[in-house]
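As provided, structure05.json (JSON, C-alpha atoms) reads as follows.
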[["chain", "number", "residue", "atom", "x", "y", "z"],
["A", 1, "MET", "CA", 85.94, 188.50, 191.81],
["A", 2, "GLN", "CA", 85.90, 184.71, 191.71],
["A", 3, "ILE", "CA", 85.23, 182.94, 188.42],
["A", 4, "ASP", "CA", 83.68, 179.47, 188.35],
["A", 5, "PHE", "CA", 84.81, 177.77, 185.14],
["A", 6, "SER", "CA", 82.07, 175.12, 185.45],
["A", 7, "SER", "CA", 79.48, 177.76, 184.52],
["A", 8, "LEU", "CA", 81.36, 179.13, 181.48],
["A", 9, "THR", "CA", 81.51, 178.20, 177.80],
["A", 10, "PRO", "CA", 84.86, 177.09, 176.30],
["A", 11, "ALA", "CA", 85.18, 180.50, 174.61],
["A", 12, "GLN", "CA", 84.67, 182.29, 177.93],
["A", 13, "ILE", "CA", 87.20, 180.02, 179.64],
["A", 14, "TYR", "CA", 89.72, 180.76, 176.86],
["A", 15, "HIS", "CA", 89.10, 184.48, 177.41],
["A", 16, "TRP", "CA", 89.98, 184.24, 181.11],
["A", 17, "MET", "CA", 92.88, 181.81, 180.75],
["A", 18, "THR", "CA", 94.64, 183.87, 178.11],
["A", 19, "GLN", "CA", 94.32, 187.02, 180.22],
["A", 20, "SER", "CA", 95.49, 185.43, 183.48],
["A", 21, "ILE", "CA", 98.37, 183.24, 182.24],
["A", 22, "VAL", "CA", 100.59, 186.11, 181.13],
["A", 23, "PRO", "CA", 102.91, 186.85, 179.51],
["A", 24, "ARG", "CA", 103.14, 183.83, 177.22],
["A", 25, "PRO", "CA", 105.99, 183.17, 174.79],
["A", 26, "ILE", "CA", 104.98, 182.97, 171.13],
["A", 27, "ALA", "CA", 106.15, 180.19, 168.84],
["A", 28, "TRP", "CA", 106.21, 181.53, 165.26],
["A", 29, "VAL", "CA", 106.23, 178.25, 163.35],
["A", 30, "ILE", "CA", 107.21, 177.43, 159.79],
["A", 31, "SER", "CA", 105.92, 174.05, 158.62],
["A", 32, "VAL", "CA", 105.80, 172.41, 155.20],
["A", 33, "ASN", "CA", 102.45, 171.97, 153.46],
["A", 34, "GLU", "CA", 101.53, 169.18, 151.07],
["A", 35, "MET", "CA", 102.48, 171.37, 148.09],
["A", 36, "GLY", "CA", 106.00, 171.74, 149.45],
["A", 37, "SER", "CA", 105.66, 175.43, 150.32],
["A", 38, "TYR", "CA", 105.86, 176.99, 153.77],
["A", 39, "ASN", "CA", 103.05, 177.75, 156.19],
["A", 40, "LEU", "CA", 103.70, 180.23, 159.00],
["A", 41, "ALA", "CA", 101.56, 180.62, 162.13],
["A", 42, "PRO", "CA", 101.90, 181.88, 165.73],
["A", 43, "PHE", "CA", 100.99, 179.90, 168.85],
["A", 44, "SER", "CA", 101.09, 181.17, 172.42],
["A", 45, "TYR", "CA", 100.18, 177.87, 174.08],
["A", 46, "PHE", "CA", 103.90, 177.08, 173.81],
["A", 47, "ASN", "CA", 106.80, 176.31, 176.11],
["A", 48, "ALA", "CA", 109.85, 174.14, 176.86],
["A", 49, "VAL", "CA", 108.94, 170.90, 178.65],
["A", 50, "CYS", "CA", 112.06, 168.70, 178.71],
["A", 51, "SER", "CA", 115.84, 168.99, 178.30],
["A", 52, "ASP", "CA", 116.75, 165.33, 177.69],
["A", 53, "PRO", "CA", 115.63, 165.05, 174.98],
["A", 54, "PRO", "CA", 115.08, 168.78, 174.32],
["A", 55, "LEU", "CA", 111.33, 169.06, 173.80],
["A", 56, "VAL", "CA", 108.97, 171.96, 173.30],
["A", 57, "MET", "CA", 105.18, 171.86, 173.43],
["A", 58, "LEU", "CA", 102.71, 173.43, 171.00],
["A", 59, "SER", "CA", 99.01, 173.26, 171.87],
["A", 60, "ILE", "CA", 97.10, 173.77, 168.63],
["A", 61, "GLY", "CA", 93.35, 174.21, 168.36],
["A", 62, "ARG", "CA", 91.10, 173.93, 165.34],
["A", 63, "LYS", "CA", 90.00, 176.28, 162.59],
["A", 64, "PRO", "CA", 86.67, 178.10, 162.98],
["A", 65, "GLY", "CA", 85.00, 175.39, 160.88],
["A", 66, "GLY", "CA", 86.29, 172.61, 163.12],
["A", 67, "GLU", "CA", 89.09, 171.33, 160.87],
["A", 68, "TYR", "CA", 92.54, 170.73, 162.32],
["A", 69, "LYS", "CA", 94.88, 173.69, 161.81],
["A", 70, "ASP", "CA", 97.43, 173.42, 159.02],
["A", 71, "THR", "CA", 100.45, 173.49, 161.32],
["A", 72, "SER", "CA", 99.39, 170.39, 163.26],
["A", 73, "GLU", "CA", 98.50, 168.55, 160.04],
["A", 74, "ASN", "CA", 101.84, 169.48, 158.50],
["A", 75, "LEU", "CA", 103.86, 168.43, 161.54],
["A", 76, "ILE", "CA", 102.19, 165.04, 161.83],
["A", 77, "ALA", "CA", 102.49, 164.36, 158.09],
["A", 78, "ARG", "CA", 105.91, 165.83, 157.29],
["A", 79, "LYS", "CA", 107.56, 166.04, 160.73],
["A", 80, "ASN", "CA", 109.96, 169.00, 160.52],
["A", 81, "CYS", "CA", 109.41, 172.65, 161.45],
["A", 82, "VAL", "CA", 111.29, 175.75, 162.54],
["A", 83, "ILE", "CA", 110.11, 177.66, 165.60],
["A", 84, "HIS", "CA", 111.07, 181.34, 165.86],
["A", 85, "ILE", "CA", 111.03, 183.86, 168.67],
["A", 86, "ALA", "CA", 109.75, 187.08, 167.12],
["A", 87, "LYS", "CA", 110.97, 190.57, 168.04],
["A", 88, "SER", "CA", 108.44, 193.14, 169.25],
["A", 89, "HIS", "CA", 108.51, 195.21, 166.05],
["A", 90, "LEU", "CA", 107.18, 192.16, 164.17],
["A", 91, "ALA", "CA", 103.89, 192.17, 166.12],
["A", 92, "GLN", "CA", 101.76, 193.14, 163.11],
["A", 93, "LEU", "CA", 103.31, 190.45, 160.91],
["A", 94, "VAL", "CA", 102.89, 187.84, 163.64],
["A", 95, "THR", "CA", 99.22, 188.81, 163.92],
["A", 96, "ASP", "CA", 98.74, 188.82, 160.16],
["A", 97, "SER", "CA", 100.18, 185.30, 159.93],
["A", 98, "SER", "CA", 97.37, 184.01, 162.17],
["A", 99, "ARG", "CA", 94.75, 184.66, 159.46],
["A", 100, "THR", "CA", 92.89, 181.52, 158.32],
["A", 101, "LEU", "CA", 93.99, 180.76, 154.75],
["A", 102, "PRO", "CA", 93.71, 177.74, 152.45],
["A", 103, "ALA", "CA", 96.18, 175.00, 153.45],
["A", 104, "GLU", "CA", 98.14, 175.35, 150.23],
["A", 105, "THR", "CA", 98.70, 179.11, 150.71],
["A", 106, "SER", "CA", 102.06, 180.19, 152.12],
["A", 107, "GLU", "CA", 101.87, 182.96, 154.71],
["A", 108, "VAL", "CA", 105.59, 183.48, 154.15],
["A", 109, "ASP", "CA", 104.87, 184.45, 150.53],
["A", 110, "GLU", "CA", 101.71, 186.39, 151.37],
["A", 111, "LEU", "CA", 103.61, 188.55, 153.89],
["A", 112, "GLY", "CA", 106.72, 188.95, 151.75],
["A", 113, "LEU", "CA", 109.06, 187.54, 154.40],
["A", 114, "ASP", "CA", 112.62, 186.50, 153.55],
["A", 115, "LEU", "CA", 113.86, 182.99, 154.25],
["A", 116, "VAL", "CA", 117.46, 181.88, 154.73],
["A", 117, "PRO", "CA", 118.81, 178.32, 154.88],
["A", 118, "PHE", "CA", 118.99, 176.67, 158.30],
["A", 119, "GLU", "CA", 122.36, 174.96, 158.03],
["A", 120, "GLY", "CA", 122.03, 171.18, 158.36],
["A", 121, "PHE", "CA", 118.22, 171.24, 158.26],
["A", 122, "ASP", "CA", 115.70, 170.89, 155.43],
["A", 123, "VAL", "CA", 113.34, 173.72, 156.51],
["A", 124, "PRO", "CA", 114.59, 177.32, 156.22],
["A", 125, "ARG", "CA", 114.30, 179.99, 158.90],
["A", 126, "LEU", "CA", 113.01, 183.56, 158.82],
["A", 127, "ALA", "CA", 115.75, 186.12, 158.24],
["A", 128, "CYS", "CA", 114.03, 188.63, 160.53],
["A", 129, "CYS", "CA", 114.29, 186.56, 163.74],
["A", 130, "ASP", "CA", 117.30, 186.34, 166.06],
["A", 131, "ILE", "CA", 116.33, 182.97, 167.52],
["A", 132, "ALA", "CA", 115.17, 179.89, 165.62],
["A", 133, "MET", "CA", 114.86, 176.21, 166.55],
["A", 134, "ALA", "CA", 115.08, 173.34, 164.06],
["A", 135, "CYS", "CA", 112.55, 170.82, 165.34],
["A", 136, "SER", "CA", 110.94, 167.52, 164.44],
["A", 137, "PHE", "CA", 107.66, 165.94, 165.49],
["A", 138, "ASN", "CA", 108.00, 163.70, 168.55],
["A", 139, "GLN", "CA", 104.47, 162.79, 169.61],
["A", 140, "VAL", "CA", 100.93, 164.15, 169.85],
["A", 141, "HIS", "CA", 98.22, 163.96, 172.49],
["A", 142, "GLU", "CA", 94.62, 164.97, 171.85],
["A", 143, "LEU", "CA", 93.00, 166.62, 174.85],
["A", 144, "GLY", "CA", 89.56, 167.84, 175.81],
["A", 145, "ARG", "CA", 86.12, 167.56, 174.27],
["A", 146, "ASN", "CA", 87.28, 169.33, 171.14],
["A", 147, "LYS", "CA", 90.33, 167.05, 170.71],
["A", 148, "GLN", "CA", 92.84, 169.87, 170.86],
["A", 149, "ARG", "CA", 96.24, 168.67, 169.72],
["A", 150, "VAL", "CA", 99.21, 169.01, 172.04],
["A", 151, "ILE", "CA", 102.30, 168.38, 169.92],
["A", 152, "TYR", "CA", 105.73, 167.71, 171.34],
["A", 153, "ALA", "CA", 108.64, 168.62, 169.05],
["A", 154, "GLU", "CA", 112.30, 167.80, 169.57],
["A", 155, "VAL", "CA", 114.79, 170.62, 169.11],
["A", 156, "HIS", "CA", 117.80, 169.48, 167.05],
["A", 157, "GLN", "CA", 119.56, 172.78, 166.41],
["A", 158, "LEU", "CA", 119.33, 176.27, 167.84],
["A", 159, "PHE", "CA", 120.20, 179.37, 165.82],
["A", 160, "VAL", "CA", 121.04, 182.49, 167.81],
["A", 161, "SER", "CA", 122.13, 185.67, 166.03],
["A", 162, "ASP", "CA", 125.53, 187.00, 167.09],
["A", 163, "GLU", "CA", 123.75, 190.32, 167.61],
["A", 164, "VAL", "CA", 122.02, 189.05, 170.75],
["A", 165, "ILE", "CA", 124.91, 187.08, 172.30],
["A", 166, "ALA", "CA", 126.49, 188.57, 175.42],
["A", 167, "GLU", "CA", 128.77, 187.30, 178.20],
["A", 168, "ASP", "CA", 127.76, 186.63, 181.80],
["A", 169, "THR", "CA", 129.80, 187.30, 184.94],
["A", 170, "LYS", "CA", 131.44, 183.86, 184.66],
["A", 171, "GLY", "CA", 132.59, 184.49, 181.09],
["A", 172, "ARG", "CA", 129.98, 182.21, 179.55],
["A", 173, "SER", "CA", 128.02, 183.07, 176.42],
["A", 174, "LYS", "CA", 124.41, 184.00, 177.11],
["A", 175, "ILE", "CA", 121.43, 185.33, 175.20],
["A", 176, "ASP", "CA", 120.70, 188.94, 176.06],
["A", 177, "ALA", "CA", 116.92, 189.08, 176.46],
["A", 178, "LEU", "CA", 116.76, 192.84, 175.99],
["A", 179, "ARG", "CA", 118.58, 192.58, 172.67],
["A", 180, "VAL", "CA", 116.24, 189.80, 171.57],
["A", 181, "ASP", "CA", 113.29, 192.08, 172.49],
["A", 182, "PRO", "CA", 110.84, 189.14, 172.36],
["A", 183, "LEU", "CA", 107.17, 189.63, 171.68],
["A", 184, "ALA", "CA", 104.92, 188.08, 174.35],
["A", 185, "ARG", "CA", 101.20, 187.33, 174.31],
["A", 186, "LEU", "CA", 98.61, 188.70, 176.67],
["A", 187, "GLY", "CA", 94.82, 188.40, 176.36],
["A", 188, "SER", "CA", 92.55, 189.48, 173.52],
["A", 189, "SER", "CA", 94.55, 191.54, 170.98],
["A", 190, "GLU", "CA", 97.22, 192.63, 173.48],
["A", 191, "TYR", "CA", 100.94, 191.91, 173.44],
["A", 192, "ALA", "CA", 103.76, 192.68, 175.89],
["A", 193, "VAL", "CA", 107.34, 193.77, 175.23],
["A", 194, "MET", "CA", 110.44, 193.61, 177.40],
["A", 195, "GLY", "CA", 110.90, 196.42, 179.91],
["A", 196, "LYS", "CA", 113.76, 195.56, 182.22],
["A", 197, "VAL", "CA", 115.54, 192.41, 183.36],
["A", 198, "ILE", "CA", 116.14, 191.68, 187.05],
["A", 199, "SER", "CA", 118.54, 189.06, 188.40],
["A", 200, "ILE", "CA", 117.96, 187.26, 191.71],
["A", 201, "PRO", "CA", 120.41, 184.42, 192.49],
["A", 202, "ARG", "CA", 118.85, 181.14, 193.59],
["A", 203, "PRO", "CA", 119.46, 180.11, 197.21],
["A", 204, "LYS", "CA", 122.23, 177.57, 197.75]]
Do you think you could lay out the structure here as structure tokens?
Amino acid sequence: MQIDFSSLTPAQIYHWMTQSIVPRPIAWVISVNEMGSYNLAPFSYFNAVCSDPPLVMLSIGRKPGGEYKDTSENLIARKNCVIHIAKSHLAQLVTDSSRTLPAETSEVDELGLDLVPFEGFDVPRLACCDIAMACSFNQVHELGRNKQRVIYAEVHQLFVSDEVIAEDTKGRSKIDALRVDPLARLGSSEYAVMGKVISIPRPK
């Protein structure tokens, strides 16, 4: 089967891209709305793009009505956010947080999630996640006919729960991926969870 994207609608292209580029990490993002409360939303067009400075990328589309999504508006206006890596058992809550709600409504409150202070940062983190990144807006590019926003955010601090810290063969601290048990995105309504980890040294 060969699929010619030039003959497809944007929705059909999205369908095929999200099923073929798998698995994708999920950024579960807390941002601050104009009322000063916290919006929470998941994005799977997400990844690390630079180490100096440490930058991550969030590609954020629009709401069904064509308006920009709250997270991109919040980041451009108020700069700071916290990006979490969710565990697999949080899949339903991650999905529920994607519901389109009024901009002033806090998904954190709607879902009854607990927040804890992120030391040295003005946005709190979710208590239920073992990994969280304190980030600030760096720049934005608008791409495509629909002006999809690609936002670059700089990571200032990384929180990693002691529960998921291990030691490698050289005695260095490392994050144990199996203990993190990260939720990953597939196509449609499907998710993936960690099975096993393999290690293959790079050639010298």
Can you pull out every residue within 12 Å of region 54-60 of chain A, counting all atoms listed in the file, but drop anything in the same chain fewer than 2 positions away, and send it as number ranges by chain?
-> A: 25-29, 41-52, 62-63, 67-75, 81-83, 133-144, 146-158
With only C-alpha atoms counted, which protein, DNA or RNA residues have an atom no more than 6 Å from (108.0, 172.5, 157.7) in the file frame? Please answer as a ChimeraX atom specification.
-> /A:30-32,80-81,123
State, in Å with one decimal place, the distance from CA of Asp122 (chain A) to CA of Val108 (chain A).
->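 Answer for the CA of Asp122 (chain A) to CA of Val108 (chain A) separation: 16.2 Å.
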Using only C-alpha atoms, which of the listed residues (A:Ile3, A:Asp176, A:His84, A:Leu126) sits closest to His15 (chain A)?
-> A:Ile3
To test the calculation: enclose all listed atoms of region 144-150 of chain A in a box whose edges run along x, y and z, add 4 Å on each side, then state centre and edge lengths in Å to one decimal, as lines of an AutoDock Vina configuration file.
center_x = 92.7
center_y = 168.5
center_z = 172.8
size_x = 21.1
size_y = 10.8
size_z = 14.1
By how many Å are CA of Met35 (chain A) and CA of Leu111 (chain A) apart?
->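 CA of Leu111 (chain A) lies at a distance of 18.2 Å from CA of Met35 (chain A).
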Pick the closest to Ser88 (chain A) from A:Ala192, A:Val160, A:Cys128, A:Ala166: which is it, counting all atoms listed in the file?
->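 Closest residue, counting all atoms listed in the file: A:Ala192.
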For each of A:His89, A:Arg125, A:Lys174, A:Arg145, take the minimum atom-to-atom distance to Tyr191 (chain A), counting only C-alpha atoms, then give the residue where this is smallest.
->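 Of all the options, A:His89 lies closest to Tyr191 (chain A).
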Which distance in Å separates CA of Pro53 (chain A) and CA of Phe159 (chain A), to one decimal?
->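 Spanning CA of Pro53 (chain A) to CA of Phe159 (chain A) is a straight-line distance of 17.6 Å.
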Which one is closest to Leu40 (chain A): A:Ser98, A:Ser161, A:Ser199, A:Ser6? Count all atoms listed in the file.
-> A:Ser98
Within 12 Å of Asp162 (chain A), counting only C-alpha atoms, which residues show up once you throw out same-chain ones fewer than 6 positions away? Write them as a PDB file with C-alpha atoms, in the coordinates of the input, please.
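The file below, selection-v2.pdb, is the result:
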ATOM      1  CA  CYS A 129     114.290 186.560 163.740  1.00  0.00           C
ATOM      2  CA  ASP A 130     117.300 186.340 166.060  1.00  0.00           C
ATOM      3  CA  ILE A 131     116.330 182.970 167.520  1.00  0.00           C
ATOM      4  CA  SER A 173     128.020 183.070 176.420  1.00  0.00           C
ATOM      5  CA  LYS A 174     124.410 184.000 177.110  1.00  0.00           C
ATOM      6  CA  ILE A 175     121.430 185.330 175.200  1.00  0.00           C
ATOM      7  CA  ASP A 176     120.700 188.940 176.060  1.00  0.00           C
ATOM      8  CA  ARG A 179     118.580 192.580 172.670  1.00  0.00           C
ATOM      9  CA  VAL A 180     116.240 189.800 171.570  1.00  0.00           C
TER      10      VAL A 180
END
In terms of the shortest atom-to-atom distance over all atoms listed in the file, which of A:Thr169, A:Ala91, A:Ala132, A:Pro203 is closest to Pro117 (chain A)?
-> A:Ala132
May I ask which of the residues A:Gly61, A:Glu167, A:Asn39, A:Ile76 is the closest one to Asp109 (chain A), counting only C-alpha atoms?
->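 Using only C-alpha atoms, Asp109 (chain A) sits closest to A:Asn39.
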Gln19 (chain A) environment, 8 Å, all atoms listed in the file, sequence neighbours closer than 5 positions dropped, as a PyMOL selection string | chain A and resi 186-188
With only C-alpha atoms as the counted atoms, please give the residues lying no more than 8 Å from Ser37 (chain A), apart from itself and same-chain residues fewer than 6 positions off, as a PDB file with C-alpha atoms, in the coordinates of the input.
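selection34.pdb written:
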ATOM      1  CA  GLU A 104      98.140 175.350 150.230  1.00  0.00           C
ATOM      2  CA  THR A 105      98.700 179.110 150.710  1.00  0.00           C
ATOM      3  CA  SER A 106     102.060 180.190 152.120  1.00  0.00           C
TER       4      SER A 106
END
